[in-house]
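File shown here: data_39.txt, holding compact mmCIF, N, CA, C and O atoms.
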```
# COMPACT_ATOMS: atom_id res chain seq x y z
N GLN A 1 96.92 99.46 84.37
CA GLN A 1 96.28 99.49 85.67
C GLN A 1 95.54 98.19 85.91
O GLN A 1 95.09 97.55 84.98
N MET A 2 95.42 97.85 87.17
CA MET A 2 94.77 96.61 87.54
C MET A 2 93.85 96.84 88.73
O MET A 2 94.17 97.61 89.62
N ASP A 3 92.70 96.20 88.71
CA ASP A 3 91.79 96.23 89.85
C ASP A 3 92.17 95.11 90.81
O ASP A 3 92.33 93.96 90.39
N VAL A 4 92.32 95.45 92.08
CA VAL A 4 92.58 94.46 93.12
C VAL A 4 91.40 94.54 94.08
O VAL A 4 91.18 95.57 94.71
N SER A 5 90.61 93.47 94.14
CA SER A 5 89.40 93.47 94.96
C SER A 5 89.65 92.77 96.29
O SER A 5 90.27 91.71 96.34
N PHE A 6 89.15 93.38 97.36
CA PHE A 6 89.28 92.85 98.70
C PHE A 6 87.90 92.69 99.32
O PHE A 6 87.03 93.55 99.14
N THR A 7 87.70 91.61 100.04
CA THR A 7 86.51 91.43 100.86
C THR A 7 86.96 90.89 102.21
O THR A 7 87.96 90.17 102.29
N TRP A 8 86.25 91.25 103.25
CA TRP A 8 86.58 90.77 104.59
C TRP A 8 85.32 90.71 105.43
O TRP A 8 84.30 91.27 105.07
N THR A 9 85.43 90.02 106.55
CA THR A 9 84.32 89.90 107.49
C THR A 9 84.46 90.99 108.54
O THR A 9 85.54 91.19 109.10
N ASP A 10 83.38 91.69 108.78
CA ASP A 10 83.37 92.76 109.80
C ASP A 10 83.09 92.12 111.16
O ASP A 10 81.94 91.96 111.56
N ASN A 11 84.15 91.74 111.87
CA ASN A 11 84.01 91.15 113.20
C ASN A 11 84.00 92.20 114.30
O ASN A 11 83.72 91.88 115.45
N ALA A 12 84.35 93.43 113.97
CA ALA A 12 84.41 94.50 114.97
C ALA A 12 83.00 94.98 115.32
O ALA A 12 82.10 94.99 114.48
N THR A 13 82.84 95.40 116.57
CA THR A 13 81.54 95.93 117.00
C THR A 13 81.61 97.40 117.37
O THR A 13 80.58 98.03 117.59
N ASN A 14 82.83 97.95 117.45
CA ASN A 14 82.96 99.35 117.86
C ASN A 14 83.97 100.11 117.00
O ASN A 14 84.61 101.04 117.46
N GLU A 15 84.10 99.69 115.73
CA GLU A 15 85.08 100.35 114.87
C GLU A 15 84.61 101.72 114.41
O GLU A 15 83.42 101.95 114.24
N THR A 16 85.58 102.61 114.22
CA THR A 16 85.32 103.90 113.58
C THR A 16 85.31 103.70 112.06
O THR A 16 84.53 104.32 111.35
N GLY A 17 86.20 102.82 111.59
CA GLY A 17 86.27 102.55 110.17
C GLY A 17 87.40 101.60 109.84
O GLY A 17 88.01 101.00 110.73
N TYR A 18 87.67 101.50 108.56
CA TYR A 18 88.73 100.64 108.03
C TYR A 18 89.64 101.47 107.15
O TYR A 18 89.21 102.45 106.55
N ARG A 19 90.88 101.04 107.05
CA ARG A 19 91.84 101.65 106.12
C ARG A 19 92.42 100.55 105.25
O ARG A 19 92.74 99.47 105.73
N LEU A 20 92.61 100.87 103.98
CA LEU A 20 93.37 100.00 103.09
C LEU A 20 94.79 100.54 103.11
O LEU A 20 95.02 101.74 102.87
N ILE A 21 95.75 99.68 103.43
CA ILE A 21 97.16 100.04 103.49
C ILE A 21 97.87 99.37 102.32
O ILE A 21 97.74 98.17 102.12
N ARG A 22 98.59 100.15 101.52
CA ARG A 22 99.38 99.61 100.40
C ARG A 22 100.83 99.99 100.63
O ARG A 22 101.15 101.19 100.76
N ASN A 23 101.71 99.00 100.71
CA ASN A 23 103.15 99.24 100.93
C ASN A 23 103.37 100.18 102.12
O ASN A 23 104.12 101.15 102.03
N ASP A 24 102.69 99.88 103.22
CA ASP A 24 102.82 100.61 104.49
C ASP A 24 102.28 102.04 104.45
O ASP A 24 102.55 102.83 105.36
N GLN A 25 101.52 102.40 103.42
CA GLN A 25 100.94 103.73 103.31
C GLN A 25 99.42 103.63 103.21
O GLN A 25 98.91 102.86 102.38
N PRO A 26 98.67 104.41 104.01
CA PRO A 26 97.20 104.40 103.87
C PRO A 26 96.77 104.87 102.49
O PRO A 26 97.30 105.84 101.96
N VAL A 27 95.83 104.14 101.89
CA VAL A 27 95.31 104.48 100.57
C VAL A 27 93.96 105.18 100.69
O VAL A 27 93.71 106.19 100.04
N ILE A 28 93.09 104.62 101.55
CA ILE A 28 91.75 105.17 101.71
C ILE A 28 91.21 104.79 103.08
O ILE A 28 91.56 103.74 103.61
N GLU A 29 90.38 105.67 103.64
CA GLU A 29 89.65 105.36 104.86
C GLU A 29 88.21 105.04 104.47
O GLU A 29 87.60 105.76 103.69
N LEU A 30 87.71 103.95 105.00
CA LEU A 30 86.36 103.48 104.69
C LEU A 30 85.52 103.53 105.96
O LEU A 30 86.04 103.37 107.05
N PRO A 31 84.21 103.72 105.82
CA PRO A 31 83.36 103.83 107.00
C PRO A 31 83.20 102.50 107.76
O PRO A 31 83.49 101.43 107.21
N ALA A 32 82.74 102.60 108.99
CA ALA A 32 82.43 101.41 109.80
C ALA A 32 81.49 100.50 109.02
O ALA A 32 80.70 100.95 108.19
N ASN A 33 81.62 99.20 109.27
CA ASN A 33 80.79 98.15 108.66
C ASN A 33 81.08 97.89 107.19
O ASN A 33 80.36 97.13 106.55
N THR A 34 82.13 98.49 106.64
CA THR A 34 82.54 98.19 105.27
C THR A 34 83.10 96.77 105.21
O THR A 34 83.77 96.33 106.14
N THR A 35 82.83 96.06 104.14
CA THR A 35 83.34 94.69 104.00
C THR A 35 83.97 94.42 102.63
O THR A 35 84.30 93.27 102.33
N ALA A 36 84.14 95.46 101.81
CA ALA A 36 84.75 95.25 100.49
C ALA A 36 85.31 96.56 99.96
O ALA A 36 84.82 97.65 100.30
N TYR A 37 86.34 96.44 99.13
CA TYR A 37 86.91 97.60 98.45
C TYR A 37 87.67 97.12 97.23
O TYR A 37 88.29 96.05 97.24
N LYS A 38 87.62 97.90 96.16
CA LYS A 38 88.36 97.61 94.93
C LYS A 38 89.39 98.71 94.73
O LYS A 38 89.05 99.88 94.61
N ASP A 39 90.67 98.33 94.71
CA ASP A 39 91.76 99.27 94.54
C ASP A 39 92.24 99.23 93.10
O ASP A 39 92.55 98.15 92.58
N LEU A 40 92.31 100.37 92.45
CA LEU A 40 92.84 100.48 91.10
C LEU A 40 94.29 100.93 91.22
O LEU A 40 94.57 101.99 91.78
N TYR A 41 95.21 100.10 90.75
CA TYR A 41 96.63 100.38 90.93
C TYR A 41 97.40 100.08 89.64
O TYR A 41 97.15 99.08 88.99
N ALA A 42 98.34 100.96 89.32
CA ALA A 42 99.16 100.79 88.11
C ALA A 42 100.43 100.03 88.48
O ALA A 42 101.42 100.60 88.90
N PHE A 43 100.39 98.70 88.34
CA PHE A 43 101.55 97.86 88.61
C PHE A 43 102.57 98.01 87.49
O PHE A 43 102.21 98.23 86.33
N THR A 44 103.83 97.85 87.83
CA THR A 44 104.87 97.71 86.81
C THR A 44 105.31 96.25 86.81
O THR A 44 105.17 95.56 87.82
N ALA A 45 105.81 95.78 85.70
CA ALA A 45 106.19 94.37 85.57
C ALA A 45 107.18 93.97 86.66
O ALA A 45 108.16 94.67 86.91
N GLY A 46 106.87 92.87 87.35
CA GLY A 46 107.72 92.36 88.40
C GLY A 46 107.57 93.03 89.75
O GLY A 46 108.21 92.63 90.71
N GLU A 47 106.74 94.07 89.84
CA GLU A 47 106.56 94.80 91.09
C GLU A 47 105.80 93.95 92.11
O GLU A 47 104.80 93.32 91.79
N LYS A 48 106.27 93.97 93.36
CA LYS A 48 105.58 93.31 94.46
C LYS A 48 104.90 94.39 95.30
O LYS A 48 105.53 95.38 95.68
N VAL A 49 103.62 94.21 95.57
CA VAL A 49 102.85 95.17 96.35
C VAL A 49 102.26 94.44 97.56
O VAL A 49 101.71 93.36 97.42
N ASN A 50 102.41 95.05 98.73
CA ASN A 50 101.87 94.48 99.96
C ASN A 50 100.65 95.29 100.41
O ASN A 50 100.70 96.52 100.46
N TYR A 51 99.59 94.57 100.74
CA TYR A 51 98.36 95.20 101.22
C TYR A 51 98.04 94.69 102.63
O TYR A 51 98.39 93.57 102.99
N GLN A 52 97.34 95.53 103.39
CA GLN A 52 96.73 95.14 104.66
C GLN A 52 95.42 95.90 104.81
O GLN A 52 95.26 96.99 104.26
N ILE A 53 94.51 95.30 105.56
CA ILE A 53 93.29 95.98 105.97
C ILE A 53 93.47 96.31 107.44
O ILE A 53 93.87 95.46 108.23
N GLU A 54 93.20 97.54 107.80
CA GLU A 54 93.32 97.99 109.19
C GLU A 54 91.95 98.41 109.71
O GLU A 54 91.27 99.19 109.05
N VAL A 55 91.55 97.91 110.85
CA VAL A 55 90.35 98.38 111.52
C VAL A 55 90.81 99.31 112.64
O VAL A 55 91.84 99.06 113.27
N TYR A 56 90.08 100.40 112.85
CA TYR A 56 90.53 101.36 113.86
C TYR A 56 89.35 102.00 114.59
O TYR A 56 88.23 102.03 114.08
N ASN A 57 89.66 102.49 115.78
CA ASN A 57 88.74 103.34 116.54
C ASN A 57 89.58 104.27 117.40
O ASN A 57 90.81 104.29 117.27
N ILE A 58 88.97 104.99 118.30
CA ILE A 58 89.68 106.00 119.09
C ILE A 58 90.76 105.40 119.99
O ILE A 58 91.73 106.06 120.34
N THR A 59 90.61 104.13 120.34
CA THR A 59 91.58 103.51 121.26
C THR A 59 92.74 102.81 120.55
O THR A 59 93.70 102.42 121.20
N GLY A 60 92.66 102.62 119.24
CA GLY A 60 93.77 101.96 118.55
C GLY A 60 93.36 101.32 117.25
O GLY A 60 92.30 101.65 116.68
N SER A 61 94.18 100.38 116.80
CA SER A 61 93.91 99.74 115.51
C SER A 61 94.46 98.31 115.52
O SER A 61 95.27 97.94 116.36
N ALA A 62 94.02 97.53 114.54
CA ALA A 62 94.53 96.17 114.32
C ALA A 62 94.63 95.95 112.81
O ALA A 62 93.79 96.44 112.05
N HIS A 63 95.67 95.22 112.40
CA HIS A 63 95.92 94.97 110.98
C HIS A 63 95.64 93.52 110.63
O HIS A 63 95.85 92.62 111.44
N SER A 64 95.26 93.30 109.39
CA SER A 64 95.17 91.95 108.85
C SER A 64 96.58 91.45 108.57
O SER A 64 97.56 92.20 108.65
N ALA A 65 96.69 90.20 108.21
CA ALA A 65 97.95 89.67 107.71
C ALA A 65 98.28 90.40 106.40
O ALA A 65 97.41 90.95 105.74
N VAL A 66 99.55 90.39 106.03
CA VAL A 66 99.98 91.03 104.78
C VAL A 66 99.54 90.15 103.60
O VAL A 66 99.70 88.94 103.61
N ILE A 67 98.99 90.81 102.60
CA ILE A 67 98.59 90.16 101.35
C ILE A 67 99.56 90.68 100.29
O ILE A 67 99.58 91.88 100.01
N SER A 68 100.38 89.80 99.72
CA SER A 68 101.38 90.22 98.74
C SER A 68 100.93 89.83 97.33
O SER A 68 100.49 88.70 97.11
N ILE A 69 101.09 90.77 96.41
CA ILE A 69 100.74 90.55 95.01
C ILE A 69 101.96 90.95 94.17
O ILE A 69 102.53 92.01 94.38
N THR A 70 102.34 90.08 93.24
CA THR A 70 103.43 90.40 92.32
C THR A 70 102.89 90.35 90.91
O THR A 70 102.23 89.39 90.53
N CYS A 71 103.17 91.40 90.15
CA CYS A 71 102.70 91.48 88.78
C CYS A 71 103.71 90.85 87.86
O CYS A 71 104.88 91.09 87.94
```
What does this structure look like when you write it as structure tokens?
Amino acid sequence: QMDVSFTWTDNATNETGYRLIRNDQPVIELPANTTAYKDLYAFTAGEKVNYQIEVYNITGSAHSAVISITC
């Protein structure tokens, strides 16, 4: 298993929260004003994993650029 740490700037002013997305699947929902999360993931050798941070509220959502990690 490996820890993957993420930090970001909270530029939103009306967010409900944030989601960590791994390989197009939500991993966790985080509360508004969150700016960091550590994901514990069991990589297999040569595996490529794509992450995104999503900010959301009742009217919609926005994603970060894709962050790719290969073990």
Members of chain A assigned strand (DSSP E) by DSSP, as number ranges by chain: A: 2-7, 17-22, 25-31, 36-41, 48-57, 60-63, 67-70
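For Asp24 (chain A), the list of residues within 9 Å, based on only C-alpha atoms and with local chain neighbours fewer than 6 positions off taken out, reads Asn50, Tyr51 and Gln52 of chain A.
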Now that the selection is made, can you save its residues with N, CA, C and O atoms as a PDB file, keeping the file's coordinate frame?
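Saved result, part-v6.pdb, follows:
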```
ATOM      1  N   ASN A  50     102.410  95.050  98.730  1.00  0.00           N
ATOM      2  CA  ASN A  50     101.870  94.480  99.960  1.00  0.00           C
ATOM      3  C   ASN A  50     100.650  95.290 100.410  1.00  0.00           C
ATOM      4  O   ASN A  50     100.700  96.520 100.460  1.00  0.00           O
ATOM      5  N   TYR A  51      99.590  94.570 100.740  1.00  0.00           N
ATOM      6  CA  TYR A  51      98.360  95.200 101.220  1.00  0.00           C
ATOM      7  C   TYR A  51      98.040  94.690 102.630  1.00  0.00           C
ATOM      8  O   TYR A  51      98.390  93.570 102.990  1.00  0.00           O
ATOM      9  N   GLN A  52      97.340  95.530 103.390  1.00  0.00           N
ATOM     10  CA  GLN A  52      96.730  95.140 104.660  1.00  0.00           C
ATOM     11  C   GLN A  52      95.420  95.900 104.810  1.00  0.00           C
ATOM     12  O   GLN A  52      95.260  96.990 104.260  1.00  0.00           O
TER      13      GLN A  52
END
```
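Here atom N of Glu54 (chain A) stands at a distance of 8.9 Å from CA of Gly17 (chain A).
Between atom N of Thr7 (chain A) and atom C of Thr59 (chain A) the separation is 23.9 Å.
Distances from A:Leu40, A:Ala45, A:Ala32, A:Cys71 to Gln1 (chain A) were compared using all atoms listed in the file, and the smallest one belongs to A:Leu40.
The spacing separating atom N of Val55 (chain A) from atom O of Thr70 (chain A) amounts to 24.5 Å.
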Residue contacts of His63 (chain A) (10 Å, only C-alpha atoms) excluding same-chain residues fewer than 3 positions away, as an mmCIF file with N, CA, C and O atoms, in the frame of the given file:
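New file around_30.cif:
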```
data_model
loop_
_atom_site.group_PDB
_atom_site.id
_atom_site.type_symbol
_atom_site.label_atom_id
_atom_site.label_comp_id
_atom_site.auth_asym_id
_atom_site.auth_seq_id
_atom_site.Cartn_x
_atom_site.Cartn_y
_atom_site.Cartn_z
ATOM 1 N N TYR A 18 87.670 101.500 108.560
ATOM 2 C CA TYR A 18 88.730 100.640 108.030
ATOM 3 C C TYR A 18 89.640 101.470 107.150
ATOM 4 O O TYR A 18 89.210 102.450 106.550
ATOM 5 N N ARG A 19 90.880 101.040 107.050
ATOM 6 C CA ARG A 19 91.840 101.650 106.120
ATOM 7 C C ARG A 19 92.420 100.550 105.250
ATOM 8 O O ARG A 19 92.740 99.470 105.730
ATOM 9 N N LEU A 20 92.610 100.870 103.980
ATOM 10 C CA LEU A 20 93.370 100.000 103.090
ATOM 11 C C LEU A 20 94.790 100.540 103.110
ATOM 12 O O LEU A 20 95.020 101.740 102.870
ATOM 13 N N ILE A 21 95.750 99.680 103.430
ATOM 14 C CA ILE A 21 97.160 100.040 103.490
ATOM 15 C C ILE A 21 97.870 99.370 102.320
ATOM 16 O O ILE A 21 97.740 98.170 102.120
ATOM 17 N N GLN A 52 97.340 95.530 103.390
ATOM 18 C CA GLN A 52 96.730 95.140 104.660
ATOM 19 C C GLN A 52 95.420 95.900 104.810
ATOM 20 O O GLN A 52 95.260 96.990 104.260
ATOM 21 N N ILE A 53 94.510 95.300 105.560
ATOM 22 C CA ILE A 53 93.290 95.980 105.970
ATOM 23 C C ILE A 53 93.470 96.310 107.440
ATOM 24 O O ILE A 53 93.870 95.460 108.230
ATOM 25 N N GLU A 54 93.200 97.540 107.800
ATOM 26 C CA GLU A 54 93.320 97.990 109.190
ATOM 27 C C GLU A 54 91.950 98.410 109.710
ATOM 28 O O GLU A 54 91.270 99.190 109.050
ATOM 29 N N VAL A 55 91.550 97.910 110.850
ATOM 30 C CA VAL A 55 90.350 98.380 111.520
ATOM 31 C C VAL A 55 90.810 99.310 112.640
ATOM 32 O O VAL A 55 91.840 99.060 113.270
ATOM 33 N N TYR A 56 90.080 100.400 112.850
ATOM 34 C CA TYR A 56 90.530 101.360 113.860
ATOM 35 C C TYR A 56 89.350 102.000 114.590
ATOM 36 O O TYR A 56 88.230 102.030 114.080
ATOM 37 N N VAL A 66 99.550 90.390 106.030
ATOM 38 C CA VAL A 66 99.980 91.030 104.780
ATOM 39 C C VAL A 66 99.540 90.150 103.600
ATOM 40 O O VAL A 66 99.700 88.940 103.610
#
```
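The residue set within 6 Å of Ser5 (chain A), counting only N, CA, C and O atoms and dropping same-chain residues fewer than 2 places from it, reads Asp3, Thr7, Tyr37, Lys38 and Asp39 of chain A.
Of the residues under consideration (A:Thr44, A:Thr35, A:Ser64, A:Asn57), A:Thr35 shows the shortest atom-to-atom contact distance to Phe6 (chain A) when counting only C-alpha atoms.
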